Amino acid sequence: MREFDGTDLTGSFDWLIPPSKSHMIRWLALGSQSHEETNISFEGVPGADCFSMANCLATMGSKIDFGEGDWLIEGLGDGLYVPDHVLNCGNSGTTASVVSAMSACLEGDTLIDGDSSLRRRTSVGLCEALSQLGCEISSNSIPRTISGRISSKDASLDWSGTSQGLTAMALASPSLPHEITLKMKGSPVSQGYWELTKKICSMSGKDIGIDRDEIRLGPWEVCTPSFIEVSAEESLIPMATLFSRIHGVEIRKNKVDEIVGLKKAIDMLTRGSEILDLTHASDIITPSAAIMAIGTGGRITGCAHARGKESDRISKTVEMLGSFGIKSMESSDGIIVPGGQEPSRPDDPVLTYSDHRMAMTAMIIASKTGGCVEGDDCVSATDPGFTKRIQSICESA
């Protein structure tokens, strides 16, 4: 539980956004399968999701030196192995998907688990594809046991709810026993994250693409660059924007790694677009709704898949904003938000359902209105320095 008094601010402030977990997780996955050493350099402190991925890979035999400002991965040319212990993915859905696909490329039984929030999520598309490829999958949710190794060559993969399954298969593909073909089903979402996966695979020695709704993946030799510089997490820009606008202050941010689709959505949000399509940027729905409420209002669309995040981010965002007296209404694929609203201090603690983006948004609003926000500890999944940063700024007033 975190309590805020409510503060009026003036001036300008530094807002250090942590390194991109999307980039970090992908480089960790390929660096652990590389024949070379990979040095990942960054500014700030990586989120807990990055550590979850690194620790899972270390349990599978990878050697990672955790330095301050850089992580050094020693490539394992002989490959990863089935661990003796459970792979604990913490709160990271991407980690759970990637290590599931990696485990399916190995002989033996792998148990994958995570925290209570992650246990509420499912990976239906990926698990169904792995089953078609000959693996035994105990559950679409976690804890799940994966009994590999992939033995079949053809499967279908539904990516209408998330692109994580395809990313997981691509990042695991260096360890595949043979070439496989995946038939892609449904209209894709979050394509920018898939484009990022393709880019990082290409930089590591393999060009991967989809042709006529099919993708061929096979074993390949990973040669990651010796030095990688990861910039800030782009999906956290709306948090800084919300803080800036609700307090009427200037925020100085560090350089971000741009992701196609996400950048377009953030640009539309900052311009005050009446319609905000988050088909490829559903992660930013909660702060976006708050920004629209204190601004000119509008309609968020295209993100029905946001209901499958750490929480149902459509209904829970409406509920959380309502705690601050902000009116909004959920639709089948988004949120309708009237503009010109002023948040007020909540009477009761604001529930955030162990959802880090929900908690960060609520804490930013509470820093202006005052109030109590529960679940503030979950923000470390993406931004470990968030609580200290926001308190430091408010205490300087």
# chains A, B, ... in the order shown; residues from 1 in each chain; ligands from 1
$ select_by_dssp --residues "region 65-301 of chain A" --states "helix (DSSP H, G or I)" --output "PyMOL selection string"
chain A and resi 93-103+116-119+124-132+164-175+191-203+234-247+262-271+282-294
$ write_last_selection --atoms "C-alpha atoms" --output "PDB file, in the first residue's frame"
ATOM      1  CA  GLY A  93       4.426 -13.430 -19.816  1.00  0.00           C
ATOM      2  CA  THR A  94       7.057 -12.992 -22.526  1.00  0.00           C
ATOM      3  CA  THR A  95       9.555 -14.998 -20.474  1.00  0.00           C
ATOM      4  CA  ALA A  96       7.012 -17.790 -19.926  1.00  0.00           C
ATOM      5  CA  SER A  97       6.329 -17.997 -23.666  1.00  0.00           C
ATOM      6  CA  VAL A  98       9.975 -17.933 -24.722  1.00  0.00           C
ATOM      7  CA  VAL A  99      11.234 -20.506 -22.225  1.00  0.00           C
ATOM      8  CA  SER A 100       8.247 -22.730 -23.062  1.00  0.00           C
ATOM      9  CA  ALA A 101       9.273 -22.751 -26.717  1.00  0.00           C
ATOM     10  CA  MET A 102      12.937 -23.281 -25.779  1.00  0.00           C
ATOM     11  CA  SER A 103      12.003 -26.190 -23.507  1.00  0.00           C
ATOM     12  CA  SER A 116      -0.070 -15.405  -8.903  1.00  0.00           C
ATOM     13  CA  SER A 117      -0.680 -12.738 -11.549  1.00  0.00           C
ATOM     14  CA  LEU A 118       1.059 -14.736 -14.275  1.00  0.00           C
ATOM     15  CA  ARG A 119      -0.868 -17.859 -13.266  1.00  0.00           C
ATOM     16  CA  VAL A 124      -3.389 -20.892 -25.815  1.00  0.00           C
ATOM     17  CA  GLY A 125      -1.956 -20.203 -29.272  1.00  0.00           C
ATOM     18  CA  LEU A 126       1.603 -21.195 -28.408  1.00  0.00           C
ATOM     19  CA  CYS A 127       0.615 -24.262 -26.381  1.00  0.00           C
ATOM     20  CA  GLU A 128      -1.687 -25.559 -29.113  1.00  0.00           C
ATOM     21  CA  ALA A 129       1.101 -25.136 -31.686  1.00  0.00           C
ATOM     22  CA  LEU A 130       3.607 -26.983 -29.495  1.00  0.00           C
ATOM     23  CA  SER A 131       1.101 -29.801 -29.004  1.00  0.00           C
ATOM     24  CA  GLN A 132       0.674 -30.098 -32.773  1.00  0.00           C
ATOM     25  CA  GLN A 164       4.305 -13.561 -28.189  1.00  0.00           C
ATOM     26  CA  GLY A 165       3.851 -17.111 -29.467  1.00  0.00           C
ATOM     27  CA  LEU A 166       5.528 -16.355 -32.783  1.00  0.00           C
ATOM     28  CA  THR A 167       8.301 -14.404 -31.087  1.00  0.00           C
ATOM     29  CA  ALA A 168       8.867 -17.364 -28.742  1.00  0.00           C
ATOM     30  CA  MET A 169       9.131 -19.837 -31.625  1.00  0.00           C
ATOM     31  CA  ALA A 170      11.538 -17.594 -33.536  1.00  0.00           C
ATOM     32  CA  LEU A 171      13.805 -17.057 -30.522  1.00  0.00           C
ATOM     33  CA  ALA A 172      13.818 -20.805 -29.790  1.00  0.00           C
ATOM     34  CA  SER A 173      14.347 -21.801 -33.432  1.00  0.00           C
ATOM     35  CA  PRO A 174      18.178 -22.036 -33.269  1.00  0.00           C
ATOM     36  CA  SER A 175      17.678 -25.129 -31.073  1.00  0.00           C
ATOM     37  CA  GLN A 191       3.063  -6.465 -34.896  1.00  0.00           C
ATOM     38  CA  GLY A 192       5.751  -4.019 -33.850  1.00  0.00           C
ATOM     39  CA  TYR A 193       7.003  -6.526 -31.285  1.00  0.00           C
ATOM     40  CA  TRP A 194       7.196  -9.200 -33.986  1.00  0.00           C
ATOM     41  CA  GLU A 195       9.114  -6.776 -36.207  1.00  0.00           C
ATOM     42  CA  LEU A 196      11.520  -6.237 -33.303  1.00  0.00           C
ATOM     43  CA  THR A 197      12.018 -10.003 -33.011  1.00  0.00           C
ATOM     44  CA  LYS A 198      12.776 -10.242 -36.740  1.00  0.00           C
ATOM     45  CA  LYS A 199      15.255  -7.380 -36.493  1.00  0.00           C
ATOM     46  CA  ILE A 200      17.148  -8.912 -33.571  1.00  0.00           C
ATOM     47  CA  CYS A 201      17.232 -12.342 -35.266  1.00  0.00           C
ATOM     48  CA  SER A 202      18.589 -10.700 -38.424  1.00  0.00           C
ATOM     49  CA  MET A 203      21.312  -8.936 -36.427  1.00  0.00           C
ATOM     50  CA  GLU A 234       9.171   3.150 -25.124  1.00  0.00           C
ATOM     51  CA  SER A 235       5.913   1.846 -23.652  1.00  0.00           C
ATOM     52  CA  LEU A 236       6.615   3.853 -20.475  1.00  0.00           C
ATOM     53  CA  ILE A 237       6.579   7.213 -22.278  1.00  0.00           C
ATOM     54  CA  PRO A 238       2.828   7.667 -21.588  1.00  0.00           C
ATOM     55  CA  MET A 239       3.563   7.409 -17.846  1.00  0.00           C
ATOM     56  CA  ALA A 240       5.932  10.358 -18.069  1.00  0.00           C
ATOM     57  CA  THR A 241       3.426  12.192 -20.290  1.00  0.00           C
ATOM     58  CA  LEU A 242       0.603  11.630 -17.788  1.00  0.00           C
ATOM     59  CA  PHE A 243       2.744  12.911 -14.894  1.00  0.00           C
ATOM     60  CA  SER A 244       3.707  15.966 -16.936  1.00  0.00           C
ATOM     61  CA  ARG A 245       0.151  16.825 -17.901  1.00  0.00           C
ATOM     62  CA  ILE A 246      -1.595  16.131 -14.606  1.00  0.00           C
ATOM     63  CA  HIS A 247       0.914  18.349 -12.764  1.00  0.00           C
ATOM     64  CA  LEU A 262       3.881   1.688 -30.511  1.00  0.00           C
ATOM     65  CA  LYS A 263       5.520   4.918 -31.698  1.00  0.00           C
ATOM     66  CA  LYS A 264       2.568   5.698 -33.973  1.00  0.00           C
ATOM     67  CA  ALA A 265       0.092   5.178 -31.131  1.00  0.00           C
ATOM     68  CA  ILE A 266       2.090   7.361 -28.727  1.00  0.00           C
ATOM     69  CA  ASP A 267       2.327  10.112 -31.346  1.00  0.00           C
ATOM     70  CA  MET A 268      -1.466   9.979 -31.825  1.00  0.00           C
ATOM     71  CA  LEU A 269      -1.982  10.104 -28.065  1.00  0.00           C
ATOM     72  CA  THR A 270       0.267  13.129 -27.537  1.00  0.00           C
ATOM     73  CA  ARG A 271      -1.417  14.959 -30.443  1.00  0.00           C
ATOM     74  CA  SER A 282      -2.300  -2.359 -26.097  1.00  0.00           C
ATOM     75  CA  ASP A 283       0.265  -2.002 -23.276  1.00  0.00           C
ATOM     76  CA  ILE A 284      -0.408   1.744 -23.062  1.00  0.00           C
ATOM     77  CA  ILE A 285      -4.201   1.596 -22.682  1.00  0.00           C
ATOM     78  CA  THR A 286      -4.334   2.559 -18.979  1.00  0.00           C
ATOM     79  CA  PRO A 287      -2.222   5.752 -18.955  1.00  0.00           C
ATOM     80  CA  SER A 288      -3.705   6.669 -22.350  1.00  0.00           C
ATOM     81  CA  ALA A 289      -7.224   6.608 -20.916  1.00  0.00           C
ATOM     82  CA  ALA A 290      -6.117   8.851 -18.038  1.00  0.00           C
ATOM     83  CA  ILE A 291      -4.407  11.301 -20.415  1.00  0.00           C
ATOM     84  CA  MET A 292      -7.521  11.477 -22.599  1.00  0.00           C
ATOM     85  CA  ALA A 293      -9.741  12.046 -19.538  1.00  0.00           C
ATOM     86  CA  ILE A 294      -7.824  15.118 -18.358  1.00  0.00           C
TER      87      ILE A 294
END
$ residues_around --residues "Ser380 (chain A)" --least-positions-apart "4" --cutoff "12 Å" --atoms "only C-alpha atoms" --output "list in words"
Pro18, Lys21, Val45, Pro46, Gly47, Ala48, Asp49, Cys50, Phe51, Ser52, Gly90, Asn91, Ser92, Ser354, Asp355, His356, Arg357, Ala359, Met360, Gly375, Asp376, Pro384, Gly385, Phe386, Thr387 and Lys388 of chain A
$ write_last_selection --atoms "C-alpha atoms" --output "PDB file, in the first residue's frame"
ATOM      1  CA  PRO A  18      14.537   1.976 -17.477  1.00  0.00           C
ATOM      2  CA  LYS A  21      12.534  -5.160 -21.439  1.00  0.00           C
ATOM      3  CA  VAL A  45      18.035  -0.537 -13.636  1.00  0.00           C
ATOM      4  CA  PRO A  46      16.317  -3.284 -15.676  1.00  0.00           C
ATOM      5  CA  GLY A  47      12.856  -4.361 -14.575  1.00  0.00           C
ATOM      6  CA  ALA A  48      12.141  -7.593 -12.742  1.00  0.00           C
ATOM      7  CA  ASP A  49      10.890  -9.158 -15.990  1.00  0.00           C
ATOM      8  CA  CYS A  50      14.422  -8.911 -17.404  1.00  0.00           C
ATOM      9  CA  PHE A  51      15.839 -10.641 -14.344  1.00  0.00           C
ATOM     10  CA  SER A  52      13.159 -13.342 -14.619  1.00  0.00           C
ATOM     11  CA  GLY A  90       7.899 -14.169 -12.093  1.00  0.00           C
ATOM     12  CA  ASN A  91       5.380 -11.796 -13.648  1.00  0.00           C
ATOM     13  CA  SER A  92       6.758 -11.990 -17.186  1.00  0.00           C
ATOM     14  CA  SER A 354      -1.018  -6.763  -9.329  1.00  0.00           C
ATOM     15  CA  ASP A 355      -0.872  -5.041 -12.730  1.00  0.00           C
ATOM     16  CA  HIS A 356       2.233  -2.858 -12.921  1.00  0.00           C
ATOM     17  CA  ARG A 357       0.852  -0.487 -15.558  1.00  0.00           C
ATOM     18  CA  ALA A 359      -0.394   0.638 -10.405  1.00  0.00           C
ATOM     19  CA  MET A 360       1.917   3.182 -12.050  1.00  0.00           C
ATOM     20  CA  GLY A 375      -0.095  -3.186  -5.031  1.00  0.00           C
ATOM     21  CA  ASP A 376       2.614  -0.599  -5.556  1.00  0.00           C
ATOM     22  CA  PRO A 384      12.090  -0.665 -10.375  1.00  0.00           C
ATOM     23  CA  GLY A 385      12.868   3.003  -9.771  1.00  0.00           C
ATOM     24  CA  PHE A 386       9.331   4.260 -10.317  1.00  0.00           C
ATOM     25  CA  THR A 387       8.147   4.632  -6.714  1.00  0.00           C
ATOM     26  CA  LYS A 388      11.361   6.274  -5.520  1.00  0.00           C
TER      27      LYS A 388
END
$ residues_around --residues "Gly67 (chain A)" --least-positions-apart "5" --cutoff "12 Å" --atoms "only C-alpha atoms" --output "NGL selection string"
:A and (39-46 or 72-73)
$ write_last_selection --atoms "N, CA and C atoms" --output "tab-separated table (two decimals), in the first residue's frame"
chain	number	residue	atom	x	y	z
A	39	ASN	N	27.66	-8.50	-24.86
A	39	ASN	CA	27.60	-7.51	-23.79
A	39	ASN	C	26.40	-6.59	-24.05
A	40	ILE	N	25.43	-6.61	-23.13
A	40	ILE	CA	24.25	-5.76	-23.24
A	40	ILE	C	24.44	-4.57	-22.32
A	41	SER	N	24.51	-3.37	-22.91
A	41	SER	CA	24.74	-2.15	-22.15
A	41	SER	C	23.42	-1.36	-22.06
A	42	PHE	N	23.22	-0.67	-20.92
A	42	PHE	CA	21.97	0.06	-20.74
A	42	PHE	C	22.16	1.13	-19.67
A	43	GLU	N	21.18	2.02	-19.59
A	43	GLU	CA	21.16	3.06	-18.56
A	43	GLU	C	20.01	2.77	-17.60
A	44	GLY	N	20.27	2.90	-16.32
A	44	GLY	CA	19.24	2.65	-15.33
A	44	GLY	C	19.25	1.20	-14.85
A	45	VAL	N	18.16	0.81	-14.20
A	45	VAL	CA	18.04	-0.54	-13.64
A	45	VAL	C	16.97	-1.31	-14.41
A	46	PRO	N	17.31	-2.48	-14.96
A	46	PRO	CA	16.32	-3.28	-15.68
A	46	PRO	C	15.18	-3.72	-14.76
A	72	LEU	N	26.83	-9.30	-19.21
A	72	LEU	CA	27.65	-10.06	-20.14
A	72	LEU	C	27.14	-11.50	-20.21
A	73	ILE	N	26.79	-11.94	-21.41
A	73	ILE	CA	26.30	-13.30	-21.62
A	73	ILE	C	27.38	-14.10	-22.32
$ residues_around --residues "Val350 (chain A)" --least-positions-apart "5" --cutoff "7 Å" --atoms "only C-alpha atoms" --output "list in words"
Met320, Ser323, Cys372, Val373 and Glu374 of chain A
$ write_last_selection --atoms "N, CA and C atoms" --output "mmCIF file, in the first residue's frame"
data_model
loop_
_atom_site.group_PDB
_atom_site.id
_atom_site.type_symbol
_atom_site.label_atom_id
_atom_site.label_comp_id
_atom_site.auth_asym_id
_atom_site.auth_seq_id
_atom_site.Cartn_x
_atom_site.Cartn_y
_atom_site.Cartn_z
ATOM 1 N N MET A 320 -10.516 1.519 -12.078
ATOM 2 C CA MET A 320 -9.489 2.286 -11.371
ATOM 3 C C MET A 320 -9.695 3.783 -11.566
ATOM 4 N N SER A 323 -12.315 5.203 -9.393
ATOM 5 C CA SER A 323 -11.932 5.444 -8.000
ATOM 6 C C SER A 323 -11.512 6.899 -7.783
ATOM 7 N N CYS A 372 -4.607 6.499 -1.338
ATOM 8 C CA CYS A 372 -3.847 5.265 -1.146
ATOM 9 C C CYS A 372 -3.981 4.373 -2.367
ATOM 10 N N VAL A 373 -2.876 3.758 -2.774
ATOM 11 C CA VAL A 373 -2.857 2.832 -3.906
ATOM 12 C C VAL A 373 -2.269 1.513 -3.423
ATOM 13 N N GLU A 374 -3.004 0.427 -3.622
ATOM 14 C CA GLU A 374 -2.478 -0.879 -3.212
ATOM 15 C C GLU A 374 -1.698 -1.504 -4.362
#
$ closest_residue --among "A:Arg121, A:Ala155, A:Ser328, A:Arg345" --to "Ser139 (chain A)" --atoms "only C-alpha atoms"
A:Arg121
$ atom_distance --atom1 "CA of Thr224 (chain A)" --atom2 "CA of Ser163 (chain A)"
22.7 Å
$ atom_distance --atom1 "CA of Gly340 (chain A)" --atom2 "CA of Ala281 (chain A)"
24.2 Å
$ residues_around --residues "Pro343 (chain A)" --least-positions-apart "3" --cutoff "8 Å" --atoms "only C-alpha atoms" --output "JSON, numbers by chain"
{"A": [294, 324, 325, 326, 365, 369]}
$ write_last_selection --atoms "C-alpha atoms" --output "PDB file, in the first residue's frame"
ATOM      1  CA  ILE A 294      -7.824  15.118 -18.358  1.00  0.00           C
ATOM      2  CA  PHE A 324     -10.581   8.918  -8.778  1.00  0.00           C
ATOM      3  CA  GLY A 325     -13.977  10.180  -9.949  1.00  0.00           C
ATOM      4  CA  ILE A 326     -13.017   9.883 -13.615  1.00  0.00           C
ATOM      5  CA  ILE A 365      -2.885  10.324 -10.409  1.00  0.00           C
ATOM      6  CA  THR A 369      -4.992  14.138  -5.778  1.00  0.00           C
TER       7      THR A 369
END
$ closest_residue --among "A:Thr145, A:Thr317, A:Ser190, A:Ser20" --to "Ser331 (chain A)" --atoms "only C-alpha atoms"
A:Thr317
$ closest_residue --among "A:Pro83, A:Val222, A:Thr10, A:Gly297" --to "Asn55 (chain A)" --atoms "only C-alpha atoms"
A:Pro83
